[in-house]
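Below is the file model_22.txt, which contains compact mmCIF, C-alpha atoms and all ligand atoms.
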# COMPACT_ATOMS: atom_id res chain seq x y z
CA MET A 288 223.05 -32.87 57.75
CA LYS A 289 224.47 -31.35 54.62
CA ASP A 290 221.00 -31.35 53.10
CA LEU A 291 219.46 -29.81 56.20
CA PHE A 292 221.82 -26.89 55.88
CA GLU A 293 220.44 -26.28 52.41
CA ILE A 294 217.25 -25.36 54.23
CA ILE A 295 218.72 -23.42 57.14
CA GLU A 296 221.90 -21.61 58.18
CA LYS A 297 224.21 -23.22 60.73
CA PRO A 298 223.13 -22.45 64.34
CA GLN A 299 226.35 -20.55 65.00
CA ASN A 300 225.23 -18.08 62.33
CA PHE A 301 221.96 -17.37 64.08
CA PRO A 302 221.47 -13.71 65.04
CA TYR A 303 219.67 -14.32 68.36
CA CYS A 304 221.16 -13.91 71.85
CA PRO A 305 222.95 -17.06 73.08
CA GLY A 306 220.43 -19.49 74.53
CA CYS A 307 217.40 -17.72 72.95
CA GLY A 308 214.55 -20.17 72.38
CA HIS A 309 214.14 -18.92 68.80
CA THR A 310 217.21 -20.93 67.76
CA SER A 311 215.72 -24.20 69.06
CA ILE A 312 212.43 -23.52 67.30
CA ASP A 313 214.11 -22.63 64.00
CA MET A 314 216.16 -25.83 64.15
CA ALA A 315 213.07 -27.92 64.92
CA LEU A 316 211.24 -26.29 62.00
CA ALA A 317 214.17 -26.84 59.64
CA ARG A 318 214.33 -30.52 60.59
CA ALA A 319 210.58 -30.85 60.17
CA ILE A 320 210.72 -29.36 56.65
CA PHE A 321 213.68 -31.58 55.86
CA GLU A 322 212.05 -34.79 57.13
CA LEU A 323 208.80 -34.01 55.38
CA ASN A 324 210.88 -33.91 52.21
CA LEU A 325 209.25 -30.66 51.17
CA GLU A 326 210.51 -28.87 48.10
CA LYS A 327 212.00 -25.53 49.09
CA LYS A 328 209.83 -23.83 46.49
CA ASP A 329 206.72 -25.20 48.24
CA VAL A 330 207.45 -23.60 51.61
CA LEU A 331 206.64 -20.03 52.59
CA ILE A 332 207.69 -18.61 55.96
CA VAL A 333 205.77 -15.47 56.91
CA SER A 334 207.39 -13.55 59.73
CA ASP A 335 206.32 -10.72 61.99
CA ILE A 336 208.04 -7.86 63.77
CA GLY A 337 210.28 -8.73 66.73
CA CYS A 338 213.44 -10.80 67.14
CA VAL A 339 211.39 -13.62 65.61
CA GLY A 340 211.36 -11.63 62.36
CA LEU A 341 215.09 -12.20 61.93
CA VAL A 342 214.18 -15.68 60.72
CA ASP A 343 213.76 -14.51 57.12
CA LYS A 344 217.36 -14.70 56.04
CA LEU A 345 218.03 -17.98 57.89
CA PHE A 346 215.80 -20.17 55.76
CA ASN A 347 216.46 -20.96 52.15
CA VAL A 348 212.74 -21.08 51.26
CA HIS A 349 210.25 -18.36 50.29
CA THR A 350 210.02 -15.77 53.07
CA LEU A 351 207.73 -12.79 53.57
CA HIS A 352 208.28 -10.18 56.27
CA THR A 353 205.13 -8.33 57.26
CA LEU A 354 203.81 -5.47 59.37
CA HIS A 355 203.40 -6.05 63.09
CA GLY A 356 200.57 -8.45 63.83
CA ARG A 357 199.59 -8.86 60.16
CA SER A 358 201.60 -11.99 59.35
CA THR A 359 198.64 -14.34 59.90
CA ALA A 360 196.34 -12.26 57.69
CA ILE A 361 198.90 -12.07 54.89
CA ALA A 362 199.77 -15.76 55.15
CA SER A 363 196.05 -16.60 55.07
CA GLY A 364 195.58 -14.57 51.90
CA VAL A 365 198.51 -16.26 50.17
CA LYS A 366 197.31 -19.73 51.16
CA MET A 367 193.70 -19.05 50.16
CA VAL A 368 194.88 -18.11 46.67
CA ASP A 369 197.11 -21.17 46.48
CA GLU A 370 194.30 -23.45 47.66
CA VAL A 371 191.57 -22.03 45.47
CA LEU A 372 193.38 -20.99 42.30
CA PHE A 373 196.64 -22.94 42.17
CA ASP A 374 197.90 -26.43 42.97
CA ASN A 375 197.49 -26.29 46.78
CA GLN A 376 201.10 -27.37 47.31
CA LEU A 377 202.29 -24.42 49.36
CA LYS A 378 203.05 -24.97 53.05
CA THR A 379 202.62 -21.61 54.72
CA ILE A 380 204.22 -21.20 58.13
CA VAL A 381 203.72 -18.10 60.29
CA MET A 382 206.43 -17.18 62.81
CA ILE A 383 205.16 -14.81 65.50
CA GLY A 384 206.20 -13.77 68.96
CA ASP A 385 204.23 -12.25 71.82
CA GLY A 386 203.66 -9.04 69.84
CA GLY A 387 202.54 -10.68 66.61
CA ALA A 388 200.19 -12.97 68.53
CA THR A 389 198.55 -10.29 70.67
CA ILE A 390 198.51 -7.39 68.20
CA GLY A 391 197.33 -9.78 65.50
CA LEU A 392 194.96 -11.73 67.73
CA LEU A 393 191.84 -11.10 65.65
CA HIS A 394 193.65 -12.24 62.50
CA LEU A 395 194.48 -15.48 64.31
CA VAL A 396 190.88 -15.86 65.44
CA GLU A 397 189.53 -15.24 61.92
CA SER A 398 192.01 -17.59 60.31
CA ALA A 399 191.18 -20.30 62.87
CA LYS A 400 187.47 -19.70 62.32
CA LEU A 401 187.82 -20.11 58.55
CA ASN A 402 190.21 -23.03 59.06
CA VAL A 403 192.70 -21.59 56.61
CA ASP A 404 195.41 -24.14 55.83
CA ILE A 405 198.35 -22.42 57.53
CA THR A 406 200.64 -23.35 60.43
CA VAL A 407 201.30 -20.75 63.12
CA LEU A 408 204.23 -21.09 65.50
CA VAL A 409 203.65 -18.78 68.47
CA HIS A 410 207.04 -18.12 70.08
CA ASN A 411 205.85 -17.35 73.58
CA ASN A 412 208.78 -16.00 75.61
CA PHE A 413 206.43 -14.13 77.98
CA LEU A 414 207.52 -10.61 76.98
CA TYR A 415 208.47 -8.26 74.14
CA GLY A 416 212.15 -9.07 73.60
CA MET A 417 213.08 -6.76 70.75
CA THR A 418 211.81 -3.56 72.36
CA GLY A 419 213.30 -4.00 75.85
CA GLY A 420 211.61 -6.86 77.67
CA GLN A 421 208.24 -5.26 78.38
CA HIS A 422 205.31 -7.39 79.56
CA SER A 423 202.89 -8.73 76.96
CA GLY A 424 199.44 -10.30 76.97
CA LEU A 425 201.18 -13.67 77.27
CA THR A 426 203.23 -12.79 80.38
CA PRO A 427 202.36 -15.25 83.20
CA LYS A 428 201.11 -14.00 86.56
CA GLU A 429 203.96 -12.92 88.90
CA PHE A 430 206.46 -13.00 86.01
CA LYS A 431 208.86 -10.04 86.07
CA THR A 432 209.51 -7.92 83.02
CA SER A 433 210.97 -4.44 82.50
CA THR A 434 207.48 -2.97 82.94
CA THR A 435 206.25 -5.36 85.67
CA ILE A 436 209.34 -5.28 87.82
CA ARG A 437 207.45 -6.49 90.93
CA GLY A 438 205.72 -9.22 88.98
CA ASN A 439 202.83 -9.20 86.53
CA PRO A 440 199.57 -8.93 88.51
CA PHE A 441 197.44 -10.48 85.74
CA GLU A 442 196.93 -13.96 84.37
CA ALA A 443 198.32 -14.57 80.86
CA LEU A 444 196.00 -14.83 77.88
CA ARG A 445 195.40 -18.48 77.15
CA ILE A 446 195.97 -18.16 73.44
CA ILE A 447 195.50 -21.83 72.64
CA ASP A 448 192.12 -21.82 74.40
CA ILE A 449 191.10 -18.76 72.36
CA LEU A 450 192.11 -20.37 69.07
CA LYS A 451 190.66 -23.75 69.99
CA ASN A 452 187.35 -22.06 70.69
CA SER A 453 187.65 -20.09 67.46
CA GLY A 454 187.77 -23.29 65.41
CA ALA A 455 191.46 -24.20 65.03
CA SER A 456 191.51 -27.76 63.74
CA PHE A 457 195.00 -28.55 65.08
CA TYR A 458 196.30 -26.96 68.26
CA ALA A 459 199.24 -27.82 70.44
CA ARG A 460 201.16 -26.37 73.37
CA THR A 461 204.69 -27.29 74.33
CA PHE A 462 208.12 -25.77 75.04
CA SER A 463 211.20 -25.12 72.95
CA GLN A 464 213.33 -27.95 74.39
CA ASP A 465 210.65 -30.56 73.98
CA PRO A 466 212.26 -33.47 72.08
CA ASP A 467 208.87 -33.94 70.38
CA LEU A 468 208.79 -30.38 69.03
CA LYS A 469 210.03 -31.31 65.54
CA ASP A 470 207.41 -34.08 65.24
CA ILE A 471 204.62 -31.81 66.47
CA ILE A 472 205.65 -29.23 63.87
CA LYS A 473 205.70 -31.95 61.20
CA GLU A 474 202.19 -32.98 62.17
CA ALA A 475 200.99 -29.38 62.15
CA ILE A 476 202.48 -28.70 58.70
CA SER A 477 200.97 -31.91 57.31
CA HIS A 478 197.54 -31.08 58.72
CA ARG A 479 195.08 -29.65 56.17
CA GLY A 480 193.55 -26.72 58.00
CA PHE A 481 194.49 -24.11 60.59
CA SER A 482 197.21 -25.42 62.89
CA VAL A 483 198.80 -23.54 65.74
CA ILE A 484 201.53 -24.47 68.22
CA GLU A 485 202.19 -22.31 71.24
CA ILE A 486 205.85 -22.88 72.14
CA LEU A 487 207.03 -21.61 75.51
CA GLU A 488 210.62 -20.43 75.31
CA LEU A 489 213.12 -18.29 77.10
CA CYS A 490 214.28 -14.80 76.25
CA THR A 491 217.79 -14.96 77.64
CA GLY A 492 218.17 -11.24 77.04
CA TYR A 493 215.43 -10.16 79.46
CA ALA A 494 213.49 -12.99 81.11
CA THR A 495 216.61 -14.29 82.85
CA ARG A 496 217.60 -10.75 83.89
CA TYR A 497 214.42 -10.14 85.85
CA ASN A 498 213.50 -13.67 86.95
CA ASP A 499 215.34 -16.52 88.57
CA ILE A 500 214.67 -18.81 85.65
CA LYS A 501 216.56 -21.26 83.45
CA GLY A 502 215.64 -23.16 80.31
CA ASN A 503 214.79 -26.26 82.34
CA ASP A 504 212.09 -24.29 84.19
CA LEU A 505 210.02 -23.98 81.01
CA LYS A 506 208.71 -27.50 81.49
CA ILE A 507 207.49 -26.55 84.99
CA ILE A 508 205.86 -23.36 83.72
CA LEU A 509 204.17 -25.44 81.04
CA GLU A 510 202.93 -28.00 83.58
CA ASN A 511 201.65 -25.24 85.88
CA SER A 512 199.72 -23.54 83.09
CA GLY A 513 197.68 -26.37 81.63
CA GLY A 514 200.42 -28.77 80.51
CA LYS A 515 201.32 -30.13 77.11
CA ILE A 516 198.45 -30.26 74.64
CA LYS A 517 198.01 -31.71 71.16
CA GLU A 518 194.60 -32.08 69.58
CA LYS A 519 193.39 -32.51 66.05
CA ILE A 520 189.90 -32.14 64.64
CA GLU A 521 188.86 -33.12 61.13
CA ARG A 522 187.23 -30.13 59.47
CA GLU A 523 187.18 -28.97 55.86
CA SER A 524 189.73 -26.25 55.19
CA PHE A 525 188.64 -22.86 53.89
CA GLY A 526 189.87 -23.47 50.35
CA LEU A 527 188.10 -26.79 49.89
CA LEU A 528 184.88 -25.41 51.36
CA TYR A 529 185.10 -22.32 49.16
CA LYS A 530 185.71 -24.43 46.07
CA SER A 531 182.78 -26.74 46.74
CA LYS A 532 180.34 -23.94 47.60
CA PHE A 533 181.24 -21.03 45.35
CA PHE A 534 183.95 -21.72 42.83
CA ASP A 535 182.84 -22.19 39.23
CA LYS A 536 179.26 -21.49 40.32
CA LYS A 537 177.30 -18.90 38.39
CA SER A 538 177.51 -15.57 40.16
CA GLU A 539 174.26 -13.88 41.11
CA PHE A 540 175.94 -10.70 39.89
CA GLU A 541 176.37 -11.91 36.32
CA PHE A 542 176.15 -9.15 33.74
CA THR A 543 172.90 -8.93 31.85
CA GLU A 544 173.41 -8.74 28.13
CA ILE A 545 171.09 -6.25 26.49
CA GLU A 546 170.70 -6.55 22.75
CA ALA A 547 170.01 -3.46 20.69
CA GLU A 548 166.63 -3.55 18.98
CA ARG A 549 167.31 -0.71 16.59
CA LYS A 550 169.81 2.00 15.84
CA ILE A 551 168.97 5.53 16.93
CA ASN A 552 170.76 8.35 15.15
CA LEU A 553 172.02 10.64 17.87
CA LYS A 554 174.14 13.60 16.84
CA ASN A 555 175.24 14.82 20.24
CA PRO A 556 175.57 13.10 23.61
CA ILE A 557 172.73 13.57 26.10
CA LYS A 558 173.68 14.41 29.69
CA ILE A 559 170.96 14.03 32.30
CA VAL A 560 171.12 14.54 36.06
CA ILE A 561 168.24 13.23 38.20
CA ALA A 562 168.13 14.34 41.83
CA GLY A 563 165.57 13.22 44.39
CA SER A 564 165.21 11.41 47.67
CA ALA A 565 166.29 7.91 48.71
CA GLY A 566 163.56 5.35 48.14
CA GLU A 567 161.90 7.31 45.33
CA GLY A 568 163.31 5.27 42.47
CA VAL A 569 165.97 7.67 41.20
CA GLN A 570 168.70 5.11 40.64
CA LEU A 571 166.48 2.38 39.18
CA ALA A 572 164.67 4.83 36.86
CA SER A 573 168.11 6.04 35.74
CA SER A 574 169.29 2.50 35.09
CA LEU A 575 166.21 1.94 32.94
CA LEU A 576 167.08 5.10 31.03
CA CYS A 577 170.53 3.64 30.32
CA ILE A 578 168.95 0.35 29.26
CA SER A 579 166.52 2.11 26.92
CA ALA A 580 169.48 3.86 25.27
CA ILE A 581 171.26 0.53 24.82
CA LEU A 582 168.09 -0.95 23.31
CA GLY A 583 168.40 1.90 20.81
CA GLY A 584 171.97 0.91 19.91
CA LEU A 585 173.61 3.66 21.96
CA ASN A 586 176.10 3.60 24.80
CA SER A 587 175.29 4.91 28.25
CA THR A 588 176.84 5.36 31.68
CA GLN A 589 175.33 5.97 35.10
CA LYS A 590 177.08 7.51 38.07
CA ASN A 591 175.19 7.38 41.37
CA ASP A 592 175.56 9.48 44.48
CA ASN A 593 173.90 8.98 47.85
CA PRO A 594 174.88 9.43 51.51
CA VAL A 595 176.32 6.53 53.49
CA THR A 596 172.81 5.98 54.82
CA VAL A 597 171.48 4.56 51.57
CA GLY A 598 167.89 4.57 52.83
CA SER A 599 167.64 8.27 53.71
CA GLY A 600 168.65 11.65 52.30
CA PHE A 601 169.40 12.52 48.69
CA SER A 602 169.75 10.20 45.73
CA VAL A 603 171.36 11.46 42.53
CA SER A 604 172.18 9.81 39.20
CA GLU A 605 174.19 11.24 36.34
CA ILE A 606 173.44 9.60 33.01
CA ILE A 607 175.33 10.05 29.76
CA ILE A 608 173.93 8.66 26.51
CA LYS A 609 176.10 8.72 23.43
CA ASP A 610 176.51 7.19 20.00
CA GLY A 611 180.16 6.23 20.57
CA ASP A 612 182.59 5.66 23.40
CA ILE A 613 182.03 7.47 26.72
CA LYS A 614 185.43 8.15 28.18
CA TYR A 615 184.43 10.20 31.23
CA THR A 616 181.33 9.42 33.28
CA GLY A 617 181.01 12.75 35.11
CA ILE A 618 178.78 15.60 33.96
CA GLU A 619 179.82 19.27 34.12
CA GLU A 620 176.89 20.84 32.24
CA PRO A 621 173.69 18.79 32.14
CA ASP A 622 171.38 19.06 29.14
CA TYR A 623 168.56 18.14 31.49
CA LEU A 624 168.41 18.50 35.25
CA ILE A 625 165.47 16.79 36.96
CA ILE A 626 164.82 17.68 40.61
CA THR A 627 162.01 15.86 42.38
CA SER A 628 162.54 16.68 46.08
CA MET A 629 164.14 19.11 48.54
CA ASP A 630 166.86 16.51 49.31
CA GLY A 631 167.73 16.44 45.63
CA LEU A 632 167.57 20.23 45.27
CA LYS A 633 170.02 20.76 48.13
CA ARG A 634 172.42 18.24 46.64
CA VAL A 635 172.52 19.57 43.06
CA LYS A 636 172.30 23.33 43.66
CA GLY A 637 175.67 23.69 41.96
CA PHE A 638 174.23 22.26 38.73
CA ILE A 639 171.38 24.78 38.42
CA GLU A 640 173.49 27.57 36.86
CA ARG A 641 175.09 25.12 34.46
CA SER A 642 172.00 23.22 33.25
CA LYS A 643 170.33 23.91 29.91
CA ASN A 644 166.86 22.65 30.92
CA ILE A 645 165.54 22.16 34.43
CA ILE A 646 162.49 20.06 35.27
CA ILE A 647 161.60 20.57 38.92
CA ASP A 648 158.74 19.75 41.25
CA GLU A 649 156.47 22.78 41.50
CA SER A 650 156.60 22.86 45.31
CA LEU A 651 160.33 23.59 45.27
CA THR A 652 160.46 26.90 43.36
CA ASP A 653 158.45 29.72 41.77
CA ASN A 654 161.14 30.40 39.19
CA LYS A 655 159.38 30.68 35.80
CA ASN A 656 162.61 29.79 33.94
CA PHE A 657 162.27 26.25 35.19
CA ILE A 658 159.79 23.66 33.97
CA ARG A 659 157.66 23.29 37.08
CA VAL A 660 155.76 19.98 37.23
CA PRO A 661 153.47 18.28 39.77
CA ALA A 662 155.91 15.38 40.29
CA ARG A 663 155.29 14.88 44.00
CA LYS A 664 151.58 14.43 43.33
CA TYR A 665 152.62 10.87 42.41
CA ILE A 666 154.50 10.19 45.61
CA LYS A 667 152.16 7.38 46.66
CA LEU A 668 153.06 5.37 43.57
CA ARG A 669 156.38 3.51 43.43
CA GLY A 670 159.04 5.96 42.18
CA GLY A 671 156.18 8.24 41.17
CA PRO A 672 157.94 11.66 41.13
CA THR A 673 160.93 10.29 39.22
CA TYR A 674 159.03 8.37 36.53
CA PHE A 675 156.57 11.25 36.07
CA SER A 676 159.45 13.73 35.60
CA LEU A 677 161.18 11.43 33.12
CA GLY A 678 157.87 11.24 31.24
CA VAL A 679 157.85 15.05 31.10
CA LEU A 680 161.39 15.01 29.70
CA PHE A 681 160.39 12.59 26.91
CA GLY A 682 157.08 14.40 26.25
CA LYS A 683 158.61 17.87 25.94
CA PHE A 684 162.09 17.20 24.51
CA ASN A 685 161.83 13.77 22.88
CA PRO A 686 165.55 12.97 23.32
CA PHE A 687 164.91 9.59 21.66
CA ASP A 688 162.02 7.16 21.20
CA PHE A 689 159.99 7.03 24.46
CA GLU A 690 158.79 3.50 23.58
CA LEU A 691 162.27 2.21 24.31
CA TYR A 692 161.95 3.54 27.85
CA GLU A 693 158.58 1.83 28.24
CA LYS A 694 160.15 -1.42 26.98
CA ALA A 695 162.94 -1.05 29.55
CA ILE A 696 160.34 -0.64 32.32
CA LEU A 697 158.40 -3.68 31.16
CA LYS A 698 161.48 -5.90 30.87
CA TYR A 699 163.68 -4.76 33.75
CA GLY A 700 161.55 -2.51 35.99
CA LYS A 701 159.81 -3.08 39.31
CA ALA A 702 156.16 -2.27 40.12
CA LYS A 703 155.77 -2.01 36.36
CA ASP A 704 152.11 -0.91 36.29
CA GLU A 705 152.67 1.95 38.72
CA THR A 706 155.86 3.22 37.14
CA LEU A 707 154.43 2.97 33.62
CA THR A 708 151.35 4.93 34.71
CA CYS A 709 153.48 7.72 36.18
CA PHE A 710 155.74 7.80 33.11
CA ARG A 711 152.76 8.07 30.75
CA GLU A 712 151.10 10.80 32.87
CA GLY A 713 154.36 12.72 32.67
CA LEU A 714 154.61 12.08 28.94
CA ASN A 715 151.17 13.63 28.36
CA PHE A 716 151.97 16.53 30.67
CA GLY A 717 155.21 17.20 28.81
CA ARG A 718 153.62 17.10 25.38
CA LYS A 719 151.26 19.91 26.37
CA LEU A 720 154.01 22.24 27.56
S1 LIG B 1 216.25 -10.27 73.07
FE1 LIG B 1 215.28 -12.11 73.83
S2 LIG B 1 213.97 -12.77 72.15
FE2 LIG B 1 215.40 -11.30 71.31
S3 LIG B 1 217.05 -12.54 70.51
FE3 LIG B 1 217.61 -11.94 72.58
S4 LIG B 1 216.92 -13.63 73.82
FE4 LIG B 1 215.90 -13.83 71.90

Using structure tokens, write down the structure that the file contains.
Ligand code: SF4
Amino acid sequence: MKDLFEIIEKPQNFPYCPGCGHTSIDMALARAIFELNLEKKDVLIVSDIGCVGLVDKLFNVHTLHTLHGRSTAIASGVKMVDEVLFDNQLKTIVMIGDGGATIGLLHLVESAKLNVDITVLVHNNFLYGMTGGQHSGLTPKEFKTSTTIRGNPFEALRIIDILKNSGASFYARTFSQDPDLKDIIKEAISHRGFSVIEILELCTGYATRYNDIKGNDLKIILENSGGKIKEKIERESFGLLYKSKFFDKKSEFEFTEIEAERKINLKNPIKIVIAGSAGEGVQLASSLLCISAILGGLNSTQKNDNPVTVGSGFSVSEIIIKDGDIKYTGIEEPDYLIITSMDGLKRVKGFIERSKNIIIDESLTDNKNFIRVPARKYIKLRGGPTYFSLGVLFGKFNPFDFELYEKAILKYGKAKDETLTCFREGLNFGRKL
């Protein structure tokens, strides 16, 4: 016993009300950890809000006290990391009461679905003990609580059925005085995958105040509500599945390395804002502009802006090209502002006063200070207005070698023939301005 008390405090030191079922469950858990010969450093107890949360200081293992209902989610995260990135030695045990189980129900469902390798002990005492004995989702029908003083009119949530149907690979249901409780907990902890035990227990602070009930009645309540259950299903845990399917596999989002083909001499940074409509190639054309700069040995950044509905409304890109480090990706005063649609115009109105050169579709303004171009004439071609306008920029201002932009289109673009045609039309248009 001396060794057991290295894992847990003596029962007389427990903070619960005399006769509270939490004490029996803590003792069963301590014995299970002890008999499994687990290293204290390999055990994590994650607790929730409620009297059950007082468990933290009782166990001499790792403990983590969480927000109400979030213990399962946090425990799942810790175990996923241990399983995928570390040595998969950690035994993660969640201690929740009626509140943690019902408030955190979706976390339980998700964790069961993923079959995360954690063990959840649901301390079901049929009410919320810490806050005054109110009824919970787990309160049985006709059971009296401080808020159902004439008896609960509803059936209790069958939490084990919910988690079984969500994919739990080990599920059990018993009561706190069950002599088998320690062994069931041992089995649950040893199981590789999501394990849950619903343990019916008595809140001597409130349940006995409102109901004619004693500890021995728990067995009857258990029998009358589906009986003792213990089932195990072999199913790959989340971590093992993740490792076999994704870990160490090449990501589809790998960075593309772009090698510079030459070195452009650029005295000052170039700041370009392109504003148009969603689906008209603004962001891709801007990316190609960045790539063309990199092909020329320069650095570039792109900052995109669009509404939450990515397929409608405005689409704006801010591009900075510089021979040197770019430490801030925003643009205050664009050297070039390209506006290809009314959506874009509305979005970048604030830039107009601050832009040195403005290339705009001719249908949007009569202002002779702007470079008015027939960009929307190319609307039927993929990204037509955007690529045409960029062609105008290169044709009129020649910020750097236009051939690099054409190379970027040919190597990384989409609908290359159409976009190249629009760019070249714009280039010719710009050269004549
Ligand atoms: S109030 Fe109820 S649940 Fe809380 S410690 Fe007392 S008996 Fe246990």

Across A:Ser599, A:Asn412, A:Asn375, A:Thr708, the smallest distance to Thr491 (chain A), with only C-alpha atoms counted, is shown by A:Asn412

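The space between CA of Leu354 (chain A) and CA of Ile336 (chain A) spans 6.6 Å.
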
Residues within 7 Å of ligand LIG 1 (chain B) (only C-alpha atoms and all ligand atoms), as a PDB file with C-alpha atoms, in the frame of the given file?
ATOM      1  CA  TYR A 303     219.670 -14.320  68.360  1.00  0.00           C
ATOM      2  CA  CYS A 304     221.160 -13.910  71.850  1.00  0.00           C
ATOM      3  CA  PRO A 305     222.950 -17.060  73.080  1.00  0.00           C
ATOM      4  CA  GLY A 306     220.430 -19.490  74.530  1.00  0.00           C
ATOM      5  CA  CYS A 307     217.400 -17.720  72.950  1.00  0.00           C
ATOM      6  CA  GLY A 308     214.550 -20.170  72.380  1.00  0.00           C
ATOM      7  CA  HIS A 309     214.140 -18.920  68.800  1.00  0.00           C
ATOM      8  CA  CYS A 338     213.440 -10.800  67.140  1.00  0.00           C
ATOM      9  CA  GLY A 416     212.150  -9.070  73.600  1.00  0.00           C
ATOM     10  CA  MET A 417     213.080  -6.760  70.750  1.00  0.00           C
ATOM     11  CA  LEU A 489     213.120 -18.290  77.100  1.00  0.00           C
ATOM     12  CA  CYS A 490     214.280 -14.800  76.250  1.00  0.00           C
ATOM     13  CA  THR A 491     217.790 -14.960  77.640  1.00  0.00           C
ATOM     14  CA  GLY A 492     218.170 -11.240  77.040  1.00  0.00           C
ATOM     15  CA  TYR A 493     215.430 -10.160  79.460  1.00  0.00           C
TER      16      TYR A 493
END

Can you pull out the residues contacting region 606-618 of chain A? Cut-off 8 Å, using all atoms listed in the file, and skip same-chain residues under 2 positions away; I want them as a list in words.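 These residues fall inside the cut-off: Asn552, Leu553, Lys554, Asn555, Pro556, Ile557, Lys558, Ile559, Val560, Ser573, Cys577, Ala580, Gly584, Leu585, Asn586, Ser587, Thr588, Gln589, Lys590, Ser604, Glu620 and Pro621 of chain A.
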
Would you pick out the contacts of Gly364 (chain A) at 10 Å or less, using all atoms listed in the file, so that residues sharing its chain but fewer than 6 positions from it are not included, and give the list as number ranges by chain? A: 358, 370, 398, 403

Using only C-alpha atoms, pick whichever of A:Ile295, A:Met629, A:Leu351, A:Ala459 has the shortest atom-to-atom distance to Val333 (chain A).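 Between A:Ile295, A:Met629, A:Leu351, A:Ala459, the residue approaching Val333 (chain A) most closely is A:Leu351.
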
d(CA of Ile390 (chain A), CA of Phe441 (chain A)) in Å: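 Atom-to-atom, CA of Ile390 (chain A) and CA of Phe441 (chain A) are spaced 17.8 Å apart.
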
Selected residue, from A:Val635, A:Ala494, A:Val679, A:Val342, that lies nearest to Asn300 (chain A) when counting all atoms listed in the file: A:Val342

Which distance in Å separates CA of Ser482 (chain A) and CA of Ile516 (chain A), to one decimal?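 About the pair CA of Ser482 (chain A) and CA of Ile516 (chain A): they are 12.8 Å apart.
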
For region 694-706 of chain A: contacts at 6 Å, all atoms listed in the file, fewer than 6 positions along chain excluded, given as a CSV table (one decimal) with C-alpha atoms, in the frame of the given file:
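New file part.csv:
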chain,number,residue,atom,x,y,z
A,575,LEU,CA,166.2,1.9,32.9
A,579,SER,CA,166.5,2.1,26.9
A,668,LEU,CA,153.1,5.4,43.6

Find the spatial neighbours of Glu548 (chain A), counting only C-alpha atoms, within a cut-off of 9 Å - ignore same-chain residues fewer than 3 positions away - and output them as a list of chain:residue names. A:Ile581, A:Leu582, A:Gly583, A:Gly584, A:Leu691

Please provide the set of residues having any atom within 9 Å of Ala399 (chain A), restricted to all atoms listed in the file, with same-chain residues fewer than 3 positions apart removed, written as a VMD selection string. chain A and resid 394 to 396 402 to 403 450 to 456 480 to 483

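Nearest residue to Ile361 (chain A), choosing from A:Tyr623, A:His422, A:Phe373, A:Ile380 and counting only C-alpha atoms: A:Ile380.
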
Nearest residue to Val409 (chain A) from the set A:Lys664, A:His349, A:Arg460, A:Arg659 (distances using all atoms listed in the file):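 Going through A:Lys664, A:His349, A:Arg460, A:Arg659 one by one, the smallest distance to Val409 (chain A) is for A:Arg460.
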